[in-house]
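Student: Following this line is coords.pdb, made up of PDB, C-alpha atoms and all ligand atoms:
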ATOM      1  CA  MET A 185     -87.127  20.893  25.662  1.00  0.00           C
ATOM      2  CA  ILE A 186     -87.523  17.236  24.759  1.00  0.00           C
ATOM      3  CA  GLU A 187     -84.473  15.460  23.400  1.00  0.00           C
ATOM      4  CA  LEU A 188     -85.253  12.628  21.021  1.00  0.00           C
ATOM      5  CA  PHE A 189     -82.615   9.955  20.483  1.00  0.00           C
ATOM      6  CA  TYR A 190     -83.347   8.984  16.955  1.00  0.00           C
ATOM      7  CA  TYR A 191     -82.418   7.132  13.822  1.00  0.00           C
ATOM      8  CA  PRO A 192     -84.748   7.185  10.801  1.00  0.00           C
ATOM      9  CA  THR A 193     -86.358   3.776  11.209  1.00  0.00           C
ATOM     10  CA  PRO A 194     -90.054   2.977  11.614  1.00  0.00           C
ATOM     11  CA  ASN A 195     -89.647   2.922  15.425  1.00  0.00           C
ATOM     12  CA  GLY A 196     -87.841   6.257  15.414  1.00  0.00           C
ATOM     13  CA  ARG A 197     -90.435   7.826  13.144  1.00  0.00           C
ATOM     14  CA  LYS A 198     -93.308   6.823  15.410  1.00  0.00           C
ATOM     15  CA  ILE A 199     -91.979   9.333  17.920  1.00  0.00           C
ATOM     16  CA  SER A 200     -90.954  12.117  15.545  1.00  0.00           C
ATOM     17  CA  ILE A 201     -94.391  12.002  13.921  1.00  0.00           C
ATOM     18  CA  LEU A 202     -96.155  12.276  17.275  1.00  0.00           C
ATOM     19  CA  LEU A 203     -93.874  15.131  18.365  1.00  0.00           C
ATOM     20  CA  GLU A 204     -94.701  16.967  15.132  1.00  0.00           C
ATOM     21  CA  GLU A 205     -98.413  16.326  15.442  1.00  0.00           C
ATOM     22  CA  LEU A 206     -98.397  17.542  19.044  1.00  0.00           C
ATOM     23  CA  GLU A 207     -96.457  20.593  17.868  1.00  0.00           C
ATOM     24  CA  LEU A 208     -93.908  20.182  20.648  1.00  0.00           C
ATOM     25  CA  LYS A 209     -90.458  21.704  20.703  1.00  0.00           C
ATOM     26  CA  TYR A 210     -87.777  19.054  20.523  1.00  0.00           C
ATOM     27  CA  LYS A 211     -84.255  18.453  19.410  1.00  0.00           C
ATOM     28  CA  ILE A 212     -82.932  15.370  17.760  1.00  0.00           C
ATOM     29  CA  THR A 213     -79.798  13.544  18.837  1.00  0.00           C
ATOM     30  CA  ARG A 214     -78.956  11.150  16.074  1.00  0.00           C
ATOM     31  CA  ILE A 215     -77.836   7.712  17.211  1.00  0.00           C
ATOM     32  CA  ASP A 216     -76.421   5.989  14.157  1.00  0.00           C
ATOM     33  CA  ILE A 217     -77.301   2.349  14.719  1.00  0.00           C
ATOM     34  CA  THR A 218     -75.379   1.351  11.578  1.00  0.00           C
ATOM     35  CA  LYS A 219     -72.240   2.575  13.375  1.00  0.00           C
ATOM     36  CA  ASN A 220     -73.144   0.931  16.708  1.00  0.00           C
ATOM     37  CA  GLU A 221     -73.576   4.302  18.421  1.00  0.00           C
ATOM     38  CA  GLN A 222     -76.452   2.801  20.406  1.00  0.00           C
ATOM     39  CA  PHE A 223     -73.913   0.804  22.414  1.00  0.00           C
ATOM     40  CA  SER A 224     -72.202   3.806  23.947  1.00  0.00           C
ATOM     41  CA  GLU A 225     -72.158   3.928  27.741  1.00  0.00           C
ATOM     42  CA  ASN A 226     -73.918   7.264  27.814  1.00  0.00           C
ATOM     43  CA  PHE A 227     -76.793   6.035  25.702  1.00  0.00           C
ATOM     44  CA  LEU A 228     -77.122   2.906  27.854  1.00  0.00           C
ATOM     45  CA  LYS A 229     -78.018   5.172  30.780  1.00  0.00           C
ATOM     46  CA  ILE A 230     -81.001   6.434  28.782  1.00  0.00           C
ATOM     47  CA  SER A 231     -82.010   3.259  27.001  1.00  0.00           C
ATOM     48  CA  PRO A 232     -81.169   0.117  29.000  1.00  0.00           C
ATOM     49  CA  LEU A 233     -81.569  -2.185  25.985  1.00  0.00           C
ATOM     50  CA  ASN A 234     -79.390   0.021  23.744  1.00  0.00           C
ATOM     51  CA  LYS A 235     -82.230   0.733  21.348  1.00  0.00           C
ATOM     52  CA  ILE A 236     -83.674   3.829  19.767  1.00  0.00           C
ATOM     53  CA  PRO A 237     -86.059   5.564  20.224  1.00  0.00           C
ATOM     54  CA  ALA A 238     -85.692   7.138  23.656  1.00  0.00           C
ATOM     55  CA  ILE A 239     -86.353  10.610  24.992  1.00  0.00           C
ATOM     56  CA  ILE A 240     -85.262  12.880  27.786  1.00  0.00           C
ATOM     57  CA  ASP A 241     -87.957  15.256  28.917  1.00  0.00           C
ATOM     58  CA  ASP A 242     -86.941  17.632  31.656  1.00  0.00           C
ATOM     59  CA  GLN A 243     -84.463  15.103  33.143  1.00  0.00           C
ATOM     60  CA  GLU A 244     -86.976  12.288  32.856  1.00  0.00           C
ATOM     61  CA  THR A 245     -85.845   9.479  30.550  1.00  0.00           C
ATOM     62  CA  VAL A 246     -88.333   7.300  28.667  1.00  0.00           C
ATOM     63  CA  PHE A 247     -87.475   4.340  26.443  1.00  0.00           C
ATOM     64  CA  GLU A 248     -89.553   1.902  24.325  1.00  0.00           C
ATOM     65  CA  SER A 249     -91.614   3.434  21.535  1.00  0.00           C
ATOM     66  CA  GLY A 250     -95.019   2.436  22.974  1.00  0.00           C
ATOM     67  CA  ALA A 251     -94.158   3.831  26.407  1.00  0.00           C
ATOM     68  CA  ILE A 252     -92.907   7.065  24.835  1.00  0.00           C
ATOM     69  CA  LEU A 253     -96.077   7.480  22.764  1.00  0.00           C
ATOM     70  CA  ILE A 254     -98.283   7.009  25.826  1.00  0.00           C
ATOM     71  CA  TYR A 255     -96.096   9.286  27.951  1.00  0.00           C
ATOM     72  CA  LEU A 256     -96.234  12.110  25.387  1.00  0.00           C
ATOM     73  CA  ALA A 257     -99.938  11.732  24.698  1.00  0.00           C
ATOM     74  CA  LYS A 258    -100.807  11.717  28.420  1.00  0.00           C
ATOM     75  CA  LYS A 259     -98.686  14.785  29.044  1.00  0.00           C
ATOM     76  CA  ASN A 260    -100.489  16.613  26.275  1.00  0.00           C
ATOM     77  CA  ASN A 261    -104.084  16.352  27.416  1.00  0.00           C
ATOM     78  CA  PHE A 262    -104.424  12.796  26.156  1.00  0.00           C
ATOM     79  CA  LYS A 263    -104.325  14.002  22.581  1.00  0.00           C
ATOM     80  CA  PHE A 264    -104.380  10.916  20.316  1.00  0.00           C
ATOM     81  CA  TYR A 265    -105.058   8.839  23.455  1.00  0.00           C
ATOM     82  CA  PRO A 266    -108.634   9.540  24.560  1.00  0.00           C
ATOM     83  CA  GLN A 267    -109.402   7.837  27.865  1.00  0.00           C
ATOM     84  CA  LYS A 268    -112.704   6.559  26.516  1.00  0.00           C
ATOM     85  CA  TYR A 269    -110.722   4.318  24.162  1.00  0.00           C
ATOM     86  CA  GLU A 270    -107.686   3.631  26.327  1.00  0.00           C
ATOM     87  CA  LYS A 271    -108.264  -0.127  26.411  1.00  0.00           C
ATOM     88  CA  ASN A 272    -108.736  -0.415  22.638  1.00  0.00           C
ATOM     89  CA  ILE A 273    -105.716   1.745  21.896  1.00  0.00           C
ATOM     90  CA  ASN A 274    -103.545  -0.211  24.337  1.00  0.00           C
ATOM     91  CA  GLU A 275    -104.609  -3.486  22.730  1.00  0.00           C
ATOM     92  CA  TRP A 276    -103.555  -2.399  19.251  1.00  0.00           C
ATOM     93  CA  LEU A 277    -100.498  -0.573  20.476  1.00  0.00           C
ATOM     94  CA  MET A 278     -99.337  -3.768  22.233  1.00  0.00           C
ATOM     95  CA  VAL A 279    -100.005  -5.727  19.041  1.00  0.00           C
ATOM     96  CA  GLN A 280     -97.831  -3.263  17.187  1.00  0.00           C
ATOM     97  CA  VAL A 281     -94.882  -3.275  19.585  1.00  0.00           C
ATOM     98  CA  SER A 282     -94.944  -6.953  20.552  1.00  0.00           C
ATOM     99  CA  PHE A 283     -95.883  -8.651  17.296  1.00  0.00           C
ATOM    100  CA  VAL A 284     -96.018  -6.470  14.218  1.00  0.00           C
ATOM    101  CA  GLY A 285     -92.769  -4.571  14.795  1.00  0.00           C
ATOM    102  CA  PRO A 286     -90.602  -7.560  15.785  1.00  0.00           C
ATOM    103  CA  MET A 287     -91.936  -9.968  13.135  1.00  0.00           C
ATOM    104  CA  LEU A 288     -91.685  -7.492  10.265  1.00  0.00           C
ATOM    105  CA  GLY A 289     -88.285  -6.473  11.620  1.00  0.00           C
ATOM    106  CA  GLN A 290     -87.101 -10.095  11.386  1.00  0.00           C
ATOM    107  CA  LEU A 291     -88.465 -10.379   7.869  1.00  0.00           C
ATOM    108  CA  HIS A 292     -86.537  -7.292   6.930  1.00  0.00           C
ATOM    109  CA  TYR A 293     -83.385  -8.694   8.561  1.00  0.00           C
ATOM    110  CA  PHE A 294     -83.468 -12.052   6.785  1.00  0.00           C
ATOM    111  CA  TYR A 295     -85.167 -11.150   3.529  1.00  0.00           C
ATOM    112  CA  LYS A 296     -83.551  -7.827   2.746  1.00  0.00           C
ATOM    113  CA  PHE A 297     -80.207  -7.719   4.538  1.00  0.00           C
ATOM    114  CA  ASN A 298     -79.352 -11.428   4.522  1.00  0.00           C
ATOM    115  CA  LYS A 299     -81.191 -12.805   1.530  1.00  0.00           C
ATOM    116  CA  GLY A 300     -80.274 -16.363   0.605  1.00  0.00           C
ATOM    117  CA  LYS A 301     -78.720 -17.178   3.997  1.00  0.00           C
ATOM    118  CA  SER A 302     -81.716 -18.932   5.502  1.00  0.00           C
ATOM    119  CA  GLU A 303     -84.591 -20.078   3.364  1.00  0.00           C
ATOM    120  CA  TYR A 304     -86.330 -21.303   6.502  1.00  0.00           C
ATOM    121  CA  ALA A 305     -86.235 -17.875   8.170  1.00  0.00           C
ATOM    122  CA  GLU A 306     -87.248 -16.091   4.972  1.00  0.00           C
ATOM    123  CA  ASN A 307     -90.279 -18.361   4.564  1.00  0.00           C
ATOM    124  CA  ARG A 308     -91.241 -18.239   8.210  1.00  0.00           C
ATOM    125  CA  PHE A 309     -91.175 -14.453   8.476  1.00  0.00           C
ATOM    126  CA  SER A 310     -92.779 -13.925   5.040  1.00  0.00           C
ATOM    127  CA  GLU A 311     -95.675 -16.116   6.139  1.00  0.00           C
ATOM    128  CA  LEU A 312     -95.955 -14.276   9.446  1.00  0.00           C
ATOM    129  CA  ALA A 313     -95.837 -10.901   7.699  1.00  0.00           C
ATOM    130  CA  LYS A 314     -98.573 -11.977   5.309  1.00  0.00           C
ATOM    131  CA  LYS A 315    -100.698 -13.107   8.261  1.00  0.00           C
ATOM    132  CA  ILE A 316    -100.112  -9.813  10.054  1.00  0.00           C
ATOM    133  CA  TYR A 317    -101.271  -7.804   7.047  1.00  0.00           C
ATOM    134  CA  GLU A 318    -104.296 -10.071   6.702  1.00  0.00           C
ATOM    135  CA  TYR A 319    -105.247  -9.674  10.376  1.00  0.00           C
ATOM    136  CA  LEU A 320    -104.991  -5.920  10.031  1.00  0.00           C
ATOM    137  CA  ASP A 321    -106.978  -5.925   6.844  1.00  0.00           C
ATOM    138  CA  MET A 322    -109.685  -7.998   8.511  1.00  0.00           C
ATOM    139  CA  GLN A 323    -109.871  -5.623  11.453  1.00  0.00           C
ATOM    140  CA  LEU A 324    -110.047  -2.646   9.099  1.00  0.00           C
ATOM    141  CA  SER A 325    -112.889  -4.291   7.164  1.00  0.00           C
ATOM    142  CA  LYS A 326    -114.923  -4.111  10.400  1.00  0.00           C
ATOM    143  CA  ASN A 327    -113.724  -0.745  11.727  1.00  0.00           C
ATOM    144  CA  LYS A 328    -112.625   2.266   9.797  1.00  0.00           C
ATOM    145  CA  TYR A 329    -109.711   2.654  12.232  1.00  0.00           C
ATOM    146  CA  LEU A 330    -107.851  -0.024  14.158  1.00  0.00           C
ATOM    147  CA  ALA A 331    -108.578   0.974  17.723  1.00  0.00           C
ATOM    148  CA  CYS A 332    -111.485   3.418  17.725  1.00  0.00           C
ATOM    149  CA  GLU A 333    -113.177   6.108  15.678  1.00  0.00           C
ATOM    150  CA  SER A 334    -110.126   8.022  14.529  1.00  0.00           C
ATOM    151  CA  ILE A 335    -106.371   7.700  14.089  1.00  0.00           C
ATOM    152  CA  GLN A 336    -104.801   7.292  17.538  1.00  0.00           C
ATOM    153  CA  LEU A 337    -101.123   7.156  18.437  1.00  0.00           C
ATOM    154  CA  LEU A 338    -100.387   6.573  14.761  1.00  0.00           C
ATOM    155  CA  ILE A 339    -100.410   2.841  15.245  1.00  0.00           C
ATOM    156  CA  LEU A 340    -100.212   1.818  11.607  1.00  0.00           C
ATOM    157  CA  GLN A 341     -97.496   4.148  10.401  1.00  0.00           C
ATOM    158  CA  PRO A 342     -94.581   1.713  10.590  1.00  0.00           C
ATOM    159  CA  PHE A 343     -96.424  -0.989   8.659  1.00  0.00           C
ATOM    160  CA  HIS A 344     -96.424   1.111   5.566  1.00  0.00           C
ATOM    161  CA  GLY A 345     -92.661   1.473   5.459  1.00  0.00           C
ATOM    162  CA  TYR A 346     -92.172  -2.231   5.833  1.00  0.00           C
ATOM    163  CA  ALA A 347     -94.802  -3.118   3.240  1.00  0.00           C
ATOM    164  CA  VAL A 348     -92.923  -0.990   0.744  1.00  0.00           C
ATOM    165  CA  MET A 349     -89.502  -2.264   1.800  1.00  0.00           C
ATOM    166  CA  ASN A 350     -90.507  -5.882   1.627  1.00  0.00           C
ATOM    167  CA  GLY A 351     -91.954  -5.381  -1.827  1.00  0.00           C
ATOM    168  CA  MET A 352     -94.976  -7.433  -0.872  1.00  0.00           C
ATOM    169  CA  ARG A 353     -97.737  -7.378  -3.414  1.00  0.00           C
ATOM    170  CA  LEU A 354    -100.748  -8.134  -1.298  1.00  0.00           C
ATOM    171  CA  GLU A 355    -104.257  -7.171  -2.316  1.00  0.00           C
ATOM    172  CA  LEU A 356    -105.392  -5.758   0.981  1.00  0.00           C
ATOM    173  CA  LYS A 357    -108.024  -3.205   0.145  1.00  0.00           C
ATOM    174  CA  ASN A 358    -108.800  -2.033   3.668  1.00  0.00           C
ATOM    175  CA  ILE A 359    -105.193  -1.398   4.592  1.00  0.00           C
ATOM    176  CA  ARG A 360    -104.829   0.633   1.398  1.00  0.00           C
ATOM    177  CA  ILE A 361    -107.878   2.780   2.268  1.00  0.00           C
ATOM    178  CA  TYR A 362    -106.531   3.256   5.795  1.00  0.00           C
ATOM    179  CA  LEU A 363    -103.074   4.235   4.574  1.00  0.00           C
ATOM    180  CA  ASP A 364    -104.530   6.723   2.089  1.00  0.00           C
ATOM    181  CA  GLY A 365    -106.418   8.326   4.989  1.00  0.00           C
ATOM    182  CA  MET A 366    -103.233   8.286   7.045  1.00  0.00           C
ATOM    183  CA  LYS A 367    -101.275  10.000   4.276  1.00  0.00           C
ATOM    184  CA  LYS A 368    -103.823  12.799   4.191  1.00  0.00           C
ATOM    185  CA  PHE A 369    -103.649  13.090   7.951  1.00  0.00           C
ATOM    186  CA  LEU A 370     -99.890  13.218   8.004  1.00  0.00           C
ATOM    187  CA  LYS A 371     -99.817  15.681   5.158  1.00  0.00           C
ATOM    188  CA  ASP A 372     -96.300  15.827   3.820  1.00  0.00           C
ATOM    189  CA  LEU A 373     -94.541  13.942   6.602  1.00  0.00           C
ATOM    190  CA  LEU A 374     -92.318  11.045   5.652  1.00  0.00           C
ATOM    191  CA  LEU A 375     -94.267   7.840   5.252  1.00  0.00           C
TER
HETATM  192  N1  LIG A 401     -89.298  -2.563  21.259  1.00  0.00           N
HETATM  193  C1  LIG A 401     -88.496  -1.427  20.881  1.00  0.00           C
HETATM  194  C2  LIG A 401     -87.746  -1.753  19.612  1.00  0.00           C
HETATM  195  C3  LIG A 401     -86.751  -0.670  19.266  1.00  0.00           C
HETATM  196  C4  LIG A 401     -85.816  -1.141  18.182  1.00  0.00           C
HETATM  197  O1  LIG A 401     -85.845  -2.295  17.734  1.00  0.00           O
HETATM  198  N2  LIG A 401     -84.948  -0.212  17.793  1.00  0.00           N
HETATM  199  C5  LIG A 401     -83.986  -0.532  16.763  1.00  0.00           C
HETATM  200  C6  LIG A 401     -84.106   0.449  15.604  1.00  0.00           C
HETATM  201  S1  LIG A 401     -85.729   0.425  14.906  1.00  0.00           S
HETATM  202  C7  LIG A 401     -82.592  -0.409  17.325  1.00  0.00           C
HETATM  203  O2  LIG A 401     -82.310   0.483  18.099  1.00  0.00           O
HETATM  204  N3  LIG A 401     -81.725  -1.327  16.925  1.00  0.00           N
HETATM  205  C8  LIG A 401     -80.348  -1.314  17.300  1.00  0.00           C
HETATM  206  C9  LIG A 401     -79.962  -2.533  18.073  1.00  0.00           C
HETATM  207  O3  LIG A 401     -80.829  -3.358  18.410  1.00  0.00           O
HETATM  208  O4  LIG A 401     -78.776  -2.686  18.345  1.00  0.00           O
HETATM  209  C10 LIG A 401     -89.398  -0.199  20.678  1.00  0.00           C
HETATM  210  O5  LIG A 401     -90.550  -0.369  20.267  1.00  0.00           O
HETATM  211  O6  LIG A 401     -88.934   0.920  20.955  1.00  0.00           O
END
Would it be possible to restate this file's structure as structure tokens?
Tutor:
Amino acid sequence: MIELFYYPTPNGRKISILLEELELKYKITRIDITKNEQFSENFLKISPLNKIPAIIDDQETVFESGAILIYLAKKNNFKFYPQKYEKNINEWLMVQVSFVGPMLGQLHYFYKFNKGKSEYAENRFSELAKKIYEYLDMQLSKNKYLACESIQLLILQPFHGYAVMNGMRLELKNIRIYLDGMKKFLKDLLL
């Protein structure tokens, strides 16, 4: 059975959502990052940067959300990762893990947890977040889905949480349409 090392953050949820959608059996080991549990020596053996999410699958460890998504999809007949669209999915998945996640994460850090400490950082990451949402909206005005013809590897899921958390009031029609479709797809899962 797969063991998921998890805390309920957007990065953690990427994996739990895929596990649910693939209907795989798994158990959750909660790593409370607010109590620094990620820094334990045991967890370091699984996740060399002390970050959730990570999994153990039959003695194989996998860390980094993007790598875990690809690993799980490949192992399950490429569900949500059709080879025909591998390049497109990888492009948008890399955008998510290298740009969207870290920049919105920094916004959250400065704007929500440390508000008033650095006006410079708040402005910088607000601007970047706005740009990110605009880029996504532009892409979604051209394509119904980000990477190909259907939802793949649930690339947009974490953006929704952050958009709500940051209280941004952006008029981005195409993201809204996409998220409504995503909500239907994910039925009653946490968004
Ligand atoms: N690039 C990593 C980022 C993972 C990440 O930032 N995890 C956060 C929670 S969402 C974490 O474990 N933070 C605790 C820490 O950095 O000490 C991924 O996509 O998996």
Student: Listing only residues of chain A within 7 Å of ligand LIG 401 (chain A), what is the closest atom pair and its distance in Å (to one decimal) for each, using only C-alpha atoms and all ligand atoms, sorted by chain and residue number ascending, as a tab-separated table?
Tutor:
residue	atom	partner	partner_atom	distance
A:Thr193	CA	A:LIG401	S1	5.0
A:Pro194	CA	A:LIG401	S1	6.0
A:Asn195	CA	A:LIG401	S1	4.7
A:Gly196	CA	A:LIG401	S1	6.2
A:Ile217	CA	A:LIG401	C8	5.4
A:Asn220	CA	A:LIG401	O4	6.9
A:Gln222	CA	A:LIG401	O4	6.3
A:Asn234	CA	A:LIG401	O4	6.1
A:Lys235	CA	A:LIG401	O2	3.3
A:Ile236	CA	A:LIG401	O2	4.0
A:Pro237	CA	A:LIG401	O6	5.5
A:Phe247	CA	A:LIG401	O6	6.6
A:Glu248	CA	A:LIG401	O6	3.6
A:Ser249	CA	A:LIG401	O6	3.7
A:Gly250	CA	A:LIG401	O5	5.9
A:Val281	CA	A:LIG401	O5	5.3
Student: Enter the distance from atom CA of Glu333 of chain A to atom CA of Phe264 of chain A, in Å, rounded to one decimal.
Tutor: 11.0 Å
Student: Pull the closest atom pair for each residue of segment 218-287 of chain A that gets at most 9 Å from segment 297-316 of chain A, along with the distance in Å to one decimal, counting all atoms listed in the file, ordering rows by chain and then ascending residue number, as CSV.
Tutor:
residue,atom,partner,partner_atom,distance
A:Phe283,CA,A:Ile316,CA,8.5
A:Val284,CA,A:Ile316,CA,6.7
A:Met287,CA,A:Phe309,CA,6.5
Student: What residues have an atom no more than 8 Å from (-108.9, 3.5, 3.7) in the file's own frame, counting only C-alpha atoms, and can you write them as a PyMOL selection string?
Tutor: chain A and resi 328+357-365
Student: Go through the shown structure with the PyMOL selection byres (((chain A and resi 257) around 12) and not hetatm) and write out the matching residues as a tab-separated table (two decimals) with C-alpha atoms, keeping the file's coordinate frame.
Tutor:
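expr.tsv, freshly written:
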chain	number	residue	atom	x	y	z
A	199	ILE	CA	-91.98	9.33	17.92
A	202	LEU	CA	-96.16	12.28	17.27
A	203	LEU	CA	-93.87	15.13	18.36
A	205	GLU	CA	-98.41	16.33	15.44
A	206	LEU	CA	-98.40	17.54	19.04
A	207	GLU	CA	-96.46	20.59	17.87
A	208	LEU	CA	-93.91	20.18	20.65
A	250	GLY	CA	-95.02	2.44	22.97
A	251	ALA	CA	-94.16	3.83	26.41
A	252	ILE	CA	-92.91	7.06	24.84
A	253	LEU	CA	-96.08	7.48	22.76
A	254	ILE	CA	-98.28	7.01	25.83
A	255	TYR	CA	-96.10	9.29	27.95
A	256	LEU	CA	-96.23	12.11	25.39
A	258	LYS	CA	-100.81	11.72	28.42
A	259	LYS	CA	-98.69	14.78	29.04
A	260	ASN	CA	-100.49	16.61	26.28
A	261	ASN	CA	-104.08	16.35	27.42
A	262	PHE	CA	-104.42	12.80	26.16
A	263	LYS	CA	-104.32	14.00	22.58
A	264	PHE	CA	-104.38	10.92	20.32
A	265	TYR	CA	-105.06	8.84	23.46
A	266	PRO	CA	-108.63	9.54	24.56
A	267	GLN	CA	-109.40	7.84	27.86
A	270	GLU	CA	-107.69	3.63	26.33
A	273	ILE	CA	-105.72	1.74	21.90
A	336	GLN	CA	-104.80	7.29	17.54
A	337	LEU	CA	-101.12	7.16	18.44
A	338	LEU	CA	-100.39	6.57	14.76
Student: What is the distance between atom CA of Asn272 of chain A and atom CA of Cys332 of chain A, in Å to one decimal?
Tutor: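 We find that atom CA of Asn272 of chain A and atom CA of Cys332 of chain A lie 6.8 Å from each other.
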Student: Counting all atoms listed in the file, which of A:Met322, A:Leu330, A:Thr245, A:Lys368 gets nearest to Glu275 of chain A?
Tutor: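 Comparing A:Met322, A:Leu330, A:Thr245, A:Lys368 against Glu275 of chain A, the winner is A:Leu330.
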Student: Pick from A:Asp216, A:Phe223, A:Lys229, A:Asp242: nearest to Ile186 of chain A, with all atoms listed in the file counted?
Tutor: A:Asp242
Student: Please list as an NGL selection string every residue within 10 Å of Met185 of chain A, counting all atoms listed in the file and excluding residues in the same chain fewer than 3 positions away.
Tutor: :A and (188 or 208-211 or 240-243)
Student: Enter the distance from atom CA of Tyr295 of chain A to atom CA of Ile215 of chain A, in Å, rounded to one decimal.
Tutor: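 Calculated distance between atom CA of Tyr295 of chain A and atom CA of Ile215 of chain A is 24.4 Å.
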